[in-house]
Amino acid sequence: MNSISLKKWTLSTFLGWLLSVVFILILSGIFDGLGIEGYQFYLGISVGLGVGLTQWLRLRKYSSIGIKWVWYTALGAGLPFLIFDLVKIYGHVDFGERYLLYSVSVGGLSVGIMQYLLLKPYSPKAINWIPLSLIGWVCAALTVTAINSSMEYIKQPLLGFIVNLSLILAGGIVLGLITGSFIAKTKFVKNA
């Protein structure tokens, strides 16, 4: 039986966070090219896909968790964004600055529930994954939304760029540390 170290899990999550930027740019270009504008669901899908992929690449070395980890993460993170997009556009509901936090909160919960199903064979405490996922995703989003505050206080452009880039990158580290607190305690076997 093996467990994944907090350091390795956090690194995998952080690398997925970085990869998600590439997916965001690709999907944004595709949807803009098709004339589909005003939606942000591709943000959730992209981050879920990037993070889910790199986490799964780590998990598969220690467990029998399959590619479902990637799809559950992308779907769980993306579907709430799509629902909030549709409510905003067709229901004429203005979520304002809370849009991201609402979408990520529901996404973190749905990712947690779906991933829990995959972690259940490995830990009798797998149910704890659900609140940790929620907290991890919300805290990661809060680091990104902190950019709004930093722009009010930091007037020097280069310093603002450095601080804002650091806040964006910190999201992957925060998510990795919070969810890694569970992963590091889980004993994985390849045939669970």
# chains A, B, ... in the order shown; residues from 1 in each chain; ligands from 1
>>> select_by_dssp(residues="chain A", states="alpha helix (DSSP H)", output="PyMOL selection string")
chain A and resi 6-33+41-59+68-90+99-119+129-153+157-183
>>> residues_around(residues="segment 136-147 of chain A", least_positions_apart="3", cutoff="7 Å", atoms="only C-alpha atoms", output="ChimeraX atom specification")
/A:101,104-105,108,132-133,150-151,164,167-168,170-172,174-175,178-179
>>> write_last_selection(atoms="all heavy atoms", output="short mmCIF file (atom, residue, chain, number, x, y, z; two decimals), in the first residue's frame")
data_model
loop_
_atom_site.label_atom_id
_atom_site.label_comp_id
_atom_site.auth_asym_id
_atom_site.auth_seq_id
_atom_site.Cartn_x
_atom_site.Cartn_y
_atom_site.Cartn_z
N LEU A 101 -17.66 32.76 -7.76
CA LEU A 101 -17.71 32.07 -6.47
C LEU A 101 -18.88 31.08 -6.41
O LEU A 101 -18.72 29.96 -5.92
CB LEU A 101 -17.81 33.07 -5.33
CG LEU A 101 -17.55 32.53 -3.94
CD1 LEU A 101 -16.20 31.82 -3.85
CD2 LEU A 101 -17.61 33.65 -2.92
N VAL A 104 -17.96 28.10 -8.79
CA VAL A 104 -16.88 27.26 -8.23
C VAL A 104 -17.36 26.52 -6.99
O VAL A 104 -16.99 25.36 -6.78
CB VAL A 104 -15.63 28.11 -7.92
CG1 VAL A 104 -14.60 27.31 -7.14
CG2 VAL A 104 -15.02 28.64 -9.21
N SER A 105 -18.22 27.13 -6.19
CA SER A 105 -18.73 26.45 -5.00
C SER A 105 -19.53 25.21 -5.38
O SER A 105 -19.31 24.12 -4.84
CB SER A 105 -19.61 27.39 -4.17
OG SER A 105 -18.86 28.47 -3.68
N GLY A 108 -17.07 22.72 -6.95
CA GLY A 108 -16.24 22.02 -5.96
C GLY A 108 -17.01 20.92 -5.26
O GLY A 108 -16.48 19.84 -4.99
N LEU A 132 -13.68 18.63 1.72
CA LEU A 132 -12.33 19.11 1.39
C LEU A 132 -12.26 19.61 -0.05
O LEU A 132 -11.59 20.60 -0.33
CB LEU A 132 -11.29 18.02 1.63
CG LEU A 132 -10.90 17.80 3.08
CD1 LEU A 132 -10.00 16.57 3.20
CD2 LEU A 132 -10.21 19.02 3.66
N SER A 133 -12.94 18.92 -0.94
CA SER A 133 -12.99 19.37 -2.33
C SER A 133 -13.68 20.73 -2.42
O SER A 133 -13.17 21.65 -3.06
CB SER A 133 -13.74 18.34 -3.18
OG SER A 133 -13.89 18.81 -4.51
N SER A 150 -6.53 43.60 -5.25
CA SER A 150 -5.15 44.03 -5.47
C SER A 150 -5.08 45.16 -6.49
O SER A 150 -4.26 46.06 -6.37
CB SER A 150 -4.27 42.85 -5.90
OG SER A 150 -4.51 42.50 -7.23
N MET A 151 -5.96 45.14 -7.48
CA MET A 151 -5.95 46.18 -8.51
C MET A 151 -6.35 47.54 -7.93
O MET A 151 -5.96 48.57 -8.45
CB MET A 151 -6.84 45.78 -9.69
CG MET A 151 -6.26 44.61 -10.44
SD MET A 151 -7.06 44.08 -11.98
CE MET A 151 -8.70 44.66 -11.92
N ASN A 164 -0.67 39.86 -9.21
CA ASN A 164 -1.83 39.19 -9.80
C ASN A 164 -1.47 37.82 -10.37
O ASN A 164 -2.22 36.86 -10.21
CB ASN A 164 -2.46 40.06 -10.88
CG ASN A 164 -3.13 41.29 -10.29
OD1 ASN A 164 -3.45 41.32 -9.10
ND2 ASN A 164 -3.32 42.30 -11.10
N LEU A 167 -1.20 35.51 -7.47
CA LEU A 167 -2.52 35.12 -6.95
C LEU A 167 -3.16 34.05 -7.83
O LEU A 167 -3.75 33.10 -7.33
CB LEU A 167 -3.44 36.34 -6.85
CG LEU A 167 -3.11 37.33 -5.73
CD1 LEU A 167 -3.91 38.61 -5.90
CD2 LEU A 167 -3.37 36.71 -4.37
N ILE A 168 -3.03 34.19 -9.14
CA ILE A 168 -3.58 33.19 -10.06
C ILE A 168 -2.90 31.84 -9.84
O ILE A 168 -3.55 30.81 -9.70
CB ILE A 168 -3.44 33.65 -11.53
CG1 ILE A 168 -4.37 34.83 -11.79
CG2 ILE A 168 -3.74 32.50 -12.49
CD1 ILE A 168 -4.12 35.53 -13.11
N ALA A 170 -1.30 30.81 -7.25
CA ALA A 170 -1.53 30.30 -5.89
C ALA A 170 -2.77 29.42 -5.81
O ALA A 170 -2.85 28.52 -4.97
CB ALA A 170 -1.65 31.46 -4.90
N GLY A 171 -3.73 29.63 -6.71
CA GLY A 171 -4.94 28.81 -6.69
C GLY A 171 -4.65 27.33 -6.79
O GLY A 171 -5.22 26.52 -6.06
N GLY A 172 -3.74 26.94 -7.67
CA GLY A 172 -3.39 25.53 -7.82
C GLY A 172 -2.69 24.98 -6.59
O GLY A 172 -2.90 23.82 -6.21
N VAL A 174 -3.03 26.14 -3.46
CA VAL A 174 -4.03 26.07 -2.39
C VAL A 174 -4.92 24.85 -2.55
O VAL A 174 -5.15 24.10 -1.59
CB VAL A 174 -4.87 27.38 -2.36
CG1 VAL A 174 -6.11 27.24 -1.49
CG2 VAL A 174 -4.02 28.55 -1.89
N LEU A 175 -5.40 24.62 -3.76
CA LEU A 175 -6.24 23.45 -4.03
C LEU A 175 -5.48 22.17 -3.74
O LEU A 175 -6.01 21.24 -3.12
CB LEU A 175 -6.75 23.47 -5.48
CG LEU A 175 -7.59 22.28 -5.93
CD1 LEU A 175 -8.86 22.16 -5.10
CD2 LEU A 175 -7.93 22.42 -7.41
N ILE A 178 -4.98 21.67 0.20
CA ILE A 178 -6.20 21.33 0.93
C ILE A 178 -6.66 19.91 0.61
O ILE A 178 -6.92 19.11 1.50
CB ILE A 178 -7.31 22.37 0.67
CG1 ILE A 178 -6.90 23.71 1.31
CG2 ILE A 178 -8.66 21.89 1.22
CD1 ILE A 178 -7.80 24.88 0.95
N THR A 179 -6.73 19.57 -0.67
CA THR A 179 -7.18 18.22 -1.02
C THR A 179 -6.08 17.20 -0.72
O THR A 179 -6.37 16.05 -0.41
CB THR A 179 -7.59 18.13 -2.50
OG1 THR A 179 -6.51 18.56 -3.34
CG2 THR A 179 -8.83 18.97 -2.77
#
>>> closest_residue(among="A:Leu119, A:Lys187, A:Leu177, A:Tyr153", to="Ile65 of chain A", atoms="only C-alpha atoms")
A:Leu119
>>> closest_residue(among="A:Ser20, A:Asn148, A:Thr186, A:Thr73", to="Tyr122 of chain A", atoms="only C-alpha atoms")
A:Thr186
>>> closest_residue(among="A:Val163, A:Ile130, A:Val87, A:Leu100", to="Gly44 of chain A", atoms="only C-alpha atoms")
A:Leu100
>>> closest_residue(among="A:Gly48, A:Gly180, A:Gly16, A:Gly38", to="Asp85 of chain A", atoms="only C-alpha atoms")
A:Gly38
>>> residues_around(residues="Ser3 of chain A", least_positions_apart="4", cutoff="9 Å", atoms="only C-alpha atoms", output="number ranges by chain")
A: 62, 183-189
>>> residues_around(residues="Leu79 of chain A", least_positions_apart="4", cutoff="8 Å", atoms="only C-alpha atoms", output="PyMOL selection string")
chain A and resi 41+44-45+75+83+107
>>> residues_around(residues="Leu59 of chain A", least_positions_apart="3", cutoff="10 Å", atoms="only C-alpha atoms", output="ChimeraX atom specification")
/A:3-4,9,12,53-56,62-67,69,183,188,190
>>> residues_around(residues="Gln40 of chain A", least_positions_apart="2", cutoff="9 Å", atoms="only C-alpha atoms", output="list in words")
Ser28, Glu37, Gly38, Tyr42, Leu43, Gly44, Phe81, Leu82, Phe84 and Asp85 of chain A
>>> residues_around(residues="Gly50 of chain A", least_positions_apart="6", cutoff="10 Å", atoms="only C-alpha atoms", output="tab-separated table (two decimals) with N, CA, C and O atoms, in the first residue's frame")
chain	number	residue	atom	x	y	z
A	12	SER	N	1.28	18.10	-8.61
A	12	SER	CA	0.41	17.63	-9.70
A	12	SER	C	-0.77	18.57	-9.89
A	12	SER	O	-1.13	18.91	-11.03
A	13	THR	N	-1.37	19.01	-8.80
A	13	THR	CA	-2.51	19.92	-8.88
A	13	THR	C	-2.09	21.27	-9.45
A	13	THR	O	-2.77	21.85	-10.31
A	14	PHE	N	-0.95	21.77	-9.01
A	14	PHE	CA	-0.43	23.04	-9.51
A	14	PHE	C	-0.15	22.96	-11.02
A	14	PHE	O	-0.50	23.87	-11.77
A	15	LEU	N	0.47	21.88	-11.45
A	15	LEU	CA	0.76	21.72	-12.88
A	15	LEU	C	-0.54	21.64	-13.69
A	15	LEU	O	-0.62	22.16	-14.81
A	16	GLY	N	-1.56	21.01	-13.12
A	16	GLY	CA	-2.87	20.97	-13.78
A	16	GLY	C	-3.49	22.35	-13.87
A	16	GLY	O	-4.15	22.70	-14.86
A	17	TRP	N	-3.29	23.14	-12.82
A	17	TRP	CA	-3.79	24.52	-12.80
A	17	TRP	C	-3.14	25.29	-13.95
A	17	TRP	O	-3.81	26.04	-14.65
A	18	LEU	N	-1.83	25.11	-14.13
A	18	LEU	CA	-1.12	25.76	-15.24
A	18	LEU	C	-1.63	25.27	-16.59
A	18	LEU	O	-1.86	26.05	-17.51
A	19	LEU	N	-1.79	23.95	-16.71
A	19	LEU	CA	-2.28	23.36	-17.95
A	19	LEU	C	-3.67	23.89	-18.31
A	19	LEU	O	-4.01	24.07	-19.48
A	20	SER	N	-4.46	24.16	-17.29
A	20	SER	CA	-5.82	24.65	-17.54
A	20	SER	C	-5.80	26.00	-18.26
A	20	SER	O	-6.73	26.30	-19.01
A	21	VAL	N	-4.76	26.79	-18.06
A	21	VAL	CA	-4.66	28.07	-18.78
A	21	VAL	C	-4.58	27.81	-20.29
A	21	VAL	O	-5.22	28.50	-21.09
A	22	VAL	N	-3.84	26.79	-20.68
A	22	VAL	CA	-3.74	26.41	-22.10
A	22	VAL	C	-5.12	25.99	-22.61
A	22	VAL	O	-5.57	26.43	-23.68
A	23	PHE	N	-5.82	25.16	-21.83
A	23	PHE	CA	-7.16	24.72	-22.23
A	23	PHE	C	-8.13	25.90	-22.33
A	23	PHE	O	-8.97	25.95	-23.23
A	24	ILE	N	-8.02	26.85	-21.41
A	24	ILE	CA	-8.88	28.04	-21.44
A	24	ILE	C	-8.65	28.82	-22.74
A	24	ILE	O	-9.60	29.22	-23.41
A	44	GLY	N	-14.71	26.46	-16.32
A	44	GLY	CA	-14.85	25.32	-15.42
A	44	GLY	C	-14.37	24.03	-16.07
A	44	GLY	O	-13.66	23.24	-15.45
A	70	VAL	N	-10.55	12.11	-14.56
A	70	VAL	CA	-10.43	13.30	-15.42
A	70	VAL	C	-11.80	13.78	-15.85
A	70	VAL	O	-12.12	14.97	-15.74
A	73	THR	N	-13.90	15.25	-13.01
A	73	THR	CA	-13.41	16.56	-12.60
A	73	THR	C	-13.83	17.62	-13.60
A	73	THR	O	-14.31	18.70	-13.22
A	74	ALA	N	-13.67	17.34	-14.89
A	74	ALA	CA	-14.06	18.31	-15.93
A	74	ALA	C	-15.57	18.55	-15.93
A	74	ALA	O	-16.02	19.70	-15.98
>>> atom_distance(atom1="atom CA of Gly76 of chain A", atom2="atom CA of Ser110 of chain A")
5.0 Å
>>> closest_residue(among="A:Ser149, A:Ser103, A:Ser181, A:Asn128", to="Ala77 of chain A", atoms="only C-alpha atoms")
A:Ser103
>>> closest_residue(among="A:Ile154, A:Leu86, A:Ile113, A:Ile173", to="Leu134 of chain A", atoms="only C-alpha atoms")
A:Ile113
>>> atom_distance(atom1="atom CA of Leu49 of chain A", atom2="atom CA of Trp71 of chain A")
7.2 Å
